[in-house]
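Encoded as structure tokens, the structure appears first; notes follow it.
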Amino acid sequence: KAGVTQTPRYLIKTRGQQVTLSCSPISGHRSVSWYQQTPGQGLQFLFEYFSETQRNKGNFPGRFSGRQFSNSRSEMNVSTLELGDSALYLCASSLGQSNEKLFFGSGTQLSVL
Amino acid sequence: QKEVEQNSGPLSVPEGAIASLNCTYSDRVSQSFFWYRQYSGKSPELIMSIYSNGDKEDGRFTAQLNKASQYVSLLIRDSQPSDSATYLCASNQAGTALIFGKGTTLSVSS
């Protein structure tokens, strides 16, 4: 069974640009969560989507947004990039039931110059 | 603000020793607790989950949960150099986001 797939693996952008990251969950998984990981702050929760609806949201500014499609694939978008947005963005999927284990993709490493 | 706290380490142990990793959480209604291992340059992978007070053993790993003290720990017996990684503790309650600690770096020397 294929794991969680994230594309692209690496991205380099400049301040003010926007970026879209993609995530394909494990087949049959209906929940997709996004996390930002930085050396100083660790793993911080961005948002979770389940059946095309945002179910939970973290404390990030509105520049960070996401969506989920009917096939459970998800995208996240960051507009007006700032230097501080440089991070590893991780997507994780699960079946979507309560108290479940998350399975992570390899992540997208975003560098903002 | 729900928080999960871990000592950042590094925790250094010799090969064959027991490594003890600790975690506290602030949300009293948390129901599920997880330990993830993250090798340098890799994504986190789940190694243990625990939902009830007490101990849960899986091979060389034992997770311990004390809800009254809001404390979770992970013991790694017979530590190997391949166990050198960052260990992330996480917790949530039903229907909410999984919140992670910042992780403890473990170094096992041969």
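Lettering and numbering for the structure tokens are positional, with chains as A, B, ... in the shown order, residues counted from 1 in each chain, and ligands counted from 1 in the shown order.
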- Item | Expected answer as an MDAnalysis selection string: chain A residues within 8 Å of chain B, only C-alpha atoms | chainID A and resid 41:45 47:48 56:57 90 97:99 101:107
- Return as a ChimeraX atom specification the full set of residues in range 2-50 of chain A whose backbone-based DSSP assignment is strand (DSSP E). /A:5-7,10-13,19-24,31-38,42-50
- Item | CA of Ser94 in chain A to CA of Gln109 in chain A, straight-line distance in Å | 22.0 Å
Hey, what's within 7 Å of Asn53 in chain B if we count only C-alpha atoms and toss same-chain stuff fewer than 3 positions away? As a PDB file with N, CA, C and O atoms, in the first residue's frame, please?
ATOM      1  N   LEU B  65       1.688   5.505  30.981  1.00  0.00           N
ATOM      2  CA  LEU B  65       0.762   6.632  31.049  1.00  0.00           C
ATOM      3  C   LEU B  65       0.226   6.776  32.464  1.00  0.00           C
ATOM      4  O   LEU B  65      -0.228   5.796  33.064  1.00  0.00           O
ATOM      5  N   ASN B  66       0.248   8.005  32.975  1.00  0.00           N
ATOM      6  CA  ASN B  66      -0.327   8.329  34.275  1.00  0.00           C
ATOM      7  C   ASN B  66      -1.186   9.565  34.079  1.00  0.00           C
ATOM      8  O   ASN B  66      -0.686  10.690  34.056  1.00  0.00           O
ATOM      9  N   LYS B  67      -2.477   9.370  33.895  1.00  0.00           N
ATOM     10  CA  LYS B  67      -3.377  10.490  33.604  1.00  0.00           C
ATOM     11  C   LYS B  67      -3.532  11.425  34.792  1.00  0.00           C
ATOM     12  O   LYS B  67      -3.710  12.626  34.614  1.00  0.00           O
TER      13      LYS B  67
END
Identify, on the basis of only C-alpha atoms, every residue whose closest approach to Arg77 in chain B does not exceed 12 Å; exclude the query and any residue fewer than 3 positions from it along the same chain; express the result as an mmCIF file with C-alpha atoms, in the first residue's frame.
data_model
loop_
_atom_site.group_PDB
_atom_site.id
_atom_site.type_symbol
_atom_site.label_atom_id
_atom_site.label_comp_id
_atom_site.auth_asym_id
_atom_site.auth_seq_id
_atom_site.Cartn_x
_atom_site.Cartn_y
_atom_site.Cartn_z
ATOM 1 C CA VAL B 13 23.060 6.595 26.815
ATOM 2 C CA PRO B 14 25.554 3.793 26.123
ATOM 3 C CA GLU B 15 24.600 0.864 23.930
ATOM 4 C CA GLY B 16 22.626 -1.739 25.850
ATOM 5 C CA ALA B 17 21.339 0.701 28.478
ATOM 6 C CA ILE B 18 17.753 1.762 29.131
ATOM 7 C CA ALA B 19 16.751 5.127 27.696
ATOM 8 C CA SER B 20 13.934 6.933 29.498
ATOM 9 C CA LEU B 21 12.048 9.683 27.698
ATOM 10 C CA GLU B 57 4.977 -3.035 25.916
ATOM 11 C CA ASP B 58 6.007 -3.619 22.307
ATOM 12 C CA GLY B 59 9.343 -5.346 21.850
ATOM 13 C CA ARG B 60 12.069 -3.203 23.373
ATOM 14 C CA PHE B 61 9.688 -0.271 23.836
ATOM 15 C CA THR B 62 7.417 0.369 26.830
ATOM 16 C CA ALA B 63 5.041 3.315 27.028
ATOM 17 C CA LEU B 74 8.797 5.897 26.814
ATOM 18 C CA GLN B 80 21.030 0.450 20.034
ATOM 19 C CA ASP B 83 17.713 4.184 18.163
ATOM 20 C CA VAL B 108 23.113 5.990 21.793
#
- Would you mind listing what lies within 12 Å of Pro61 in chain A as number ranges by chain, with only C-alpha atoms counted and same-chain residues fewer than 3 positions away left out? A: 46-47, 57-58, 64-65, 77-82, 85
- Which of these, A:Leu11, A:Asn59, A:Ser51, A:Leu88, has the shortest distance to Gln36 in chain A once you count only C-alpha atoms? A:Leu88
- Which value, in Å to one decimal, gives the distance between CA of Glu3 in chain B and CA of Gln37 in chain A? 15.8 Å
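Counting from CA of Ser40 in chain B, the distance to CA of Leu83 in chain A is 22.9 Å.
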- Message: What's around Thr14 in chain A at 9 Å? Count only C-alpha atoms, leave out sequence neighbours fewer than 2 positions away in its own chain, and write the answer as JSON, numbers by chain.
- Response: {"A": [12, 16, 17, 18, 81, 82, 83, 111, 112, 113]}
Serialized selection, N, CA, C and O atoms, as an mmCIF file, in the first residue's frame:
data_model
loop_
_atom_site.group_PDB
_atom_site.id
_atom_site.type_symbol
_atom_site.label_atom_id
_atom_site.label_comp_id
_atom_site.auth_asym_id
_atom_site.auth_seq_id
_atom_site.Cartn_x
_atom_site.Cartn_y
_atom_site.Cartn_z
ATOM 1 N N ILE A 12 11.895 26.617 -3.562
ATOM 2 C CA ILE A 12 12.557 27.867 -3.213
ATOM 3 C C ILE A 12 11.731 29.010 -3.778
ATOM 4 O O ILE A 12 11.438 29.034 -4.973
ATOM 5 N N GLY A 16 6.919 37.493 -0.680
ATOM 6 C CA GLY A 16 5.793 38.069 -1.401
ATOM 7 C C GLY A 16 5.122 37.114 -2.375
ATOM 8 O O GLY A 16 3.982 37.341 -2.776
ATOM 9 N N GLN A 17 5.829 36.054 -2.758
ATOM 10 C CA GLN A 17 5.220 35.086 -3.663
ATOM 11 C C GLN A 17 4.234 34.208 -2.907
ATOM 12 O O GLN A 17 4.120 34.278 -1.684
ATOM 13 N N GLN A 18 3.515 33.381 -3.658
ATOM 14 C CA GLN A 18 2.652 32.401 -3.023
ATOM 15 C C GLN A 18 3.082 31.005 -3.460
ATOM 16 O O GLN A 18 3.810 30.841 -4.439
ATOM 17 N N LEU A 81 4.411 35.207 0.911
ATOM 18 C CA LEU A 81 5.410 34.502 1.705
ATOM 19 C C LEU A 81 6.322 35.450 2.464
ATOM 20 O O LEU A 81 6.715 36.524 1.973
ATOM 21 N N GLU A 82 6.649 35.031 3.690
ATOM 22 C CA GLU A 82 7.593 35.762 4.541
ATOM 23 C C GLU A 82 8.786 34.858 4.821
ATOM 24 O O GLU A 82 8.687 33.628 4.703
ATOM 25 N N LEU A 83 9.918 35.477 5.205
ATOM 26 C CA LEU A 83 11.119 34.690 5.490
ATOM 27 C C LEU A 83 10.846 33.624 6.548
ATOM 28 O O LEU A 83 11.356 32.510 6.475
ATOM 29 N N SER A 111 11.904 26.963 1.243
ATOM 30 C CA SER A 111 12.863 28.010 1.588
ATOM 31 C C SER A 111 12.392 29.316 0.978
ATOM 32 O O SER A 111 12.125 29.370 -0.236
ATOM 33 N N VAL A 112 12.269 30.345 1.802
ATOM 34 C CA VAL A 112 11.847 31.660 1.331
ATOM 35 C C VAL A 112 13.038 32.605 1.418
ATOM 36 O O VAL A 112 13.626 32.791 2.495
ATOM 37 N N LEU A 113 13.411 33.163 0.273
ATOM 38 C CA LEU A 113 14.605 34.023 0.214
ATOM 39 C C LEU A 113 14.213 35.501 0.147
ATOM 40 O O LEU A 113 13.132 35.836 -0.328
#
- Message: Give me, as a ChimeraX atom specification, all polymer residues having an atom no more than 10 Å from Ser84 in chain B, counting only C-alpha atoms and skipping those fewer than 6 positions away in the same chain.
- Response: /B:11-13,37-40,105-109
Any chance you could export the current selection's N, CA, C and O atoms as a PDB file, in the first residue's frame?
ATOM      1  N   LEU B  11      19.743  13.433  25.187  1.00  0.00           N
ATOM      2  CA  LEU B  11      19.864  12.386  26.156  1.00  0.00           C
ATOM      3  C   LEU B  11      20.860  11.378  25.599  1.00  0.00           C
ATOM      4  O   LEU B  11      20.651  10.852  24.515  1.00  0.00           O
ATOM      5  N   SER B  12      21.936  11.165  26.317  1.00  0.00           N
ATOM      6  CA  SER B  12      22.983  10.264  25.842  1.00  0.00           C
ATOM      7  C   SER B  12      23.036   9.024  26.717  1.00  0.00           C
ATOM      8  O   SER B  12      23.127   9.138  27.940  1.00  0.00           O
ATOM      9  N   VAL B  13      22.969   7.858  26.087  1.00  0.00           N
ATOM     10  CA  VAL B  13      23.060   6.595  26.815  1.00  0.00           C
ATOM     11  C   VAL B  13      24.013   5.668  26.072  1.00  0.00           C
ATOM     12  O   VAL B  13      24.144   5.754  24.854  1.00  0.00           O
ATOM     13  N   ARG B  37       9.017   8.607  16.310  1.00  0.00           N
ATOM     14  CA  ARG B  37      10.466   8.685  16.167  1.00  0.00           C
ATOM     15  C   ARG B  37      10.764   9.396  14.857  1.00  0.00           C
ATOM     16  O   ARG B  37      10.157   9.104  13.827  1.00  0.00           O
ATOM     17  N   GLN B  38      11.703  10.326  14.903  1.00  0.00           N
ATOM     18  CA  GLN B  38      12.075  11.057  13.696  1.00  0.00           C
ATOM     19  C   GLN B  38      13.588  11.046  13.548  1.00  0.00           C
ATOM     20  O   GLN B  38      14.322  11.645  14.344  1.00  0.00           O
ATOM     21  N   TYR B  39      14.058  10.344  12.512  1.00  0.00           N
ATOM     22  CA  TYR B  39      15.466  10.369  12.186  1.00  0.00           C
ATOM     23  C   TYR B  39      15.776  11.687  11.472  1.00  0.00           C
ATOM     24  O   TYR B  39      14.904  12.272  10.826  1.00  0.00           O
ATOM     25  N   SER B  40      17.028  12.096  11.574  1.00  0.00           N
ATOM     26  CA  SER B  40      17.455  13.358  10.958  1.00  0.00           C
ATOM     27  C   SER B  40      17.161  13.350   9.455  1.00  0.00           C
ATOM     28  O   SER B  40      17.542  12.404   8.758  1.00  0.00           O
ATOM     29  N   THR B 105      16.014  14.613  21.803  1.00  0.00           N
ATOM     30  CA  THR B 105      17.033  13.964  20.969  1.00  0.00           C
ATOM     31  C   THR B 105      17.767  12.917  21.792  1.00  0.00           C
ATOM     32  O   THR B 105      18.295  13.203  22.860  1.00  0.00           O
ATOM     33  N   LEU B 106      17.761  11.694  21.299  1.00  0.00           N
ATOM     34  CA  LEU B 106      18.443  10.575  21.954  1.00  0.00           C
ATOM     35  C   LEU B 106      19.682  10.208  21.157  1.00  0.00           C
ATOM     36  O   LEU B 106      19.606  10.055  19.937  1.00  0.00           O
ATOM     37  N   SER B 107      20.785  10.052  21.870  1.00  0.00           N
ATOM     38  CA  SER B 107      22.031   9.607  21.244  1.00  0.00           C
ATOM     39  C   SER B 107      22.510   8.351  21.976  1.00  0.00           C
ATOM     40  O   SER B 107      22.708   8.376  23.194  1.00  0.00           O
ATOM     41  N   VAL B 108      22.652   7.255  21.227  1.00  0.00           N
ATOM     42  CA  VAL B 108      23.113   5.990  21.793  1.00  0.00           C
ATOM     43  C   VAL B 108      24.517   5.729  21.267  1.00  0.00           C
ATOM     44  O   VAL B 108      24.733   5.598  20.060  1.00  0.00           O
ATOM     45  N   SER B 109      25.456   5.642  22.164  1.00  0.00           N
ATOM     46  CA  SER B 109      26.854   5.459  21.765  1.00  0.00           C
ATOM     47  C   SER B 109      27.254   3.997  21.860  1.00  0.00           C
ATOM     48  O   SER B 109      26.870   3.290  22.797  1.00  0.00           O
TER      49      SER B 109
END
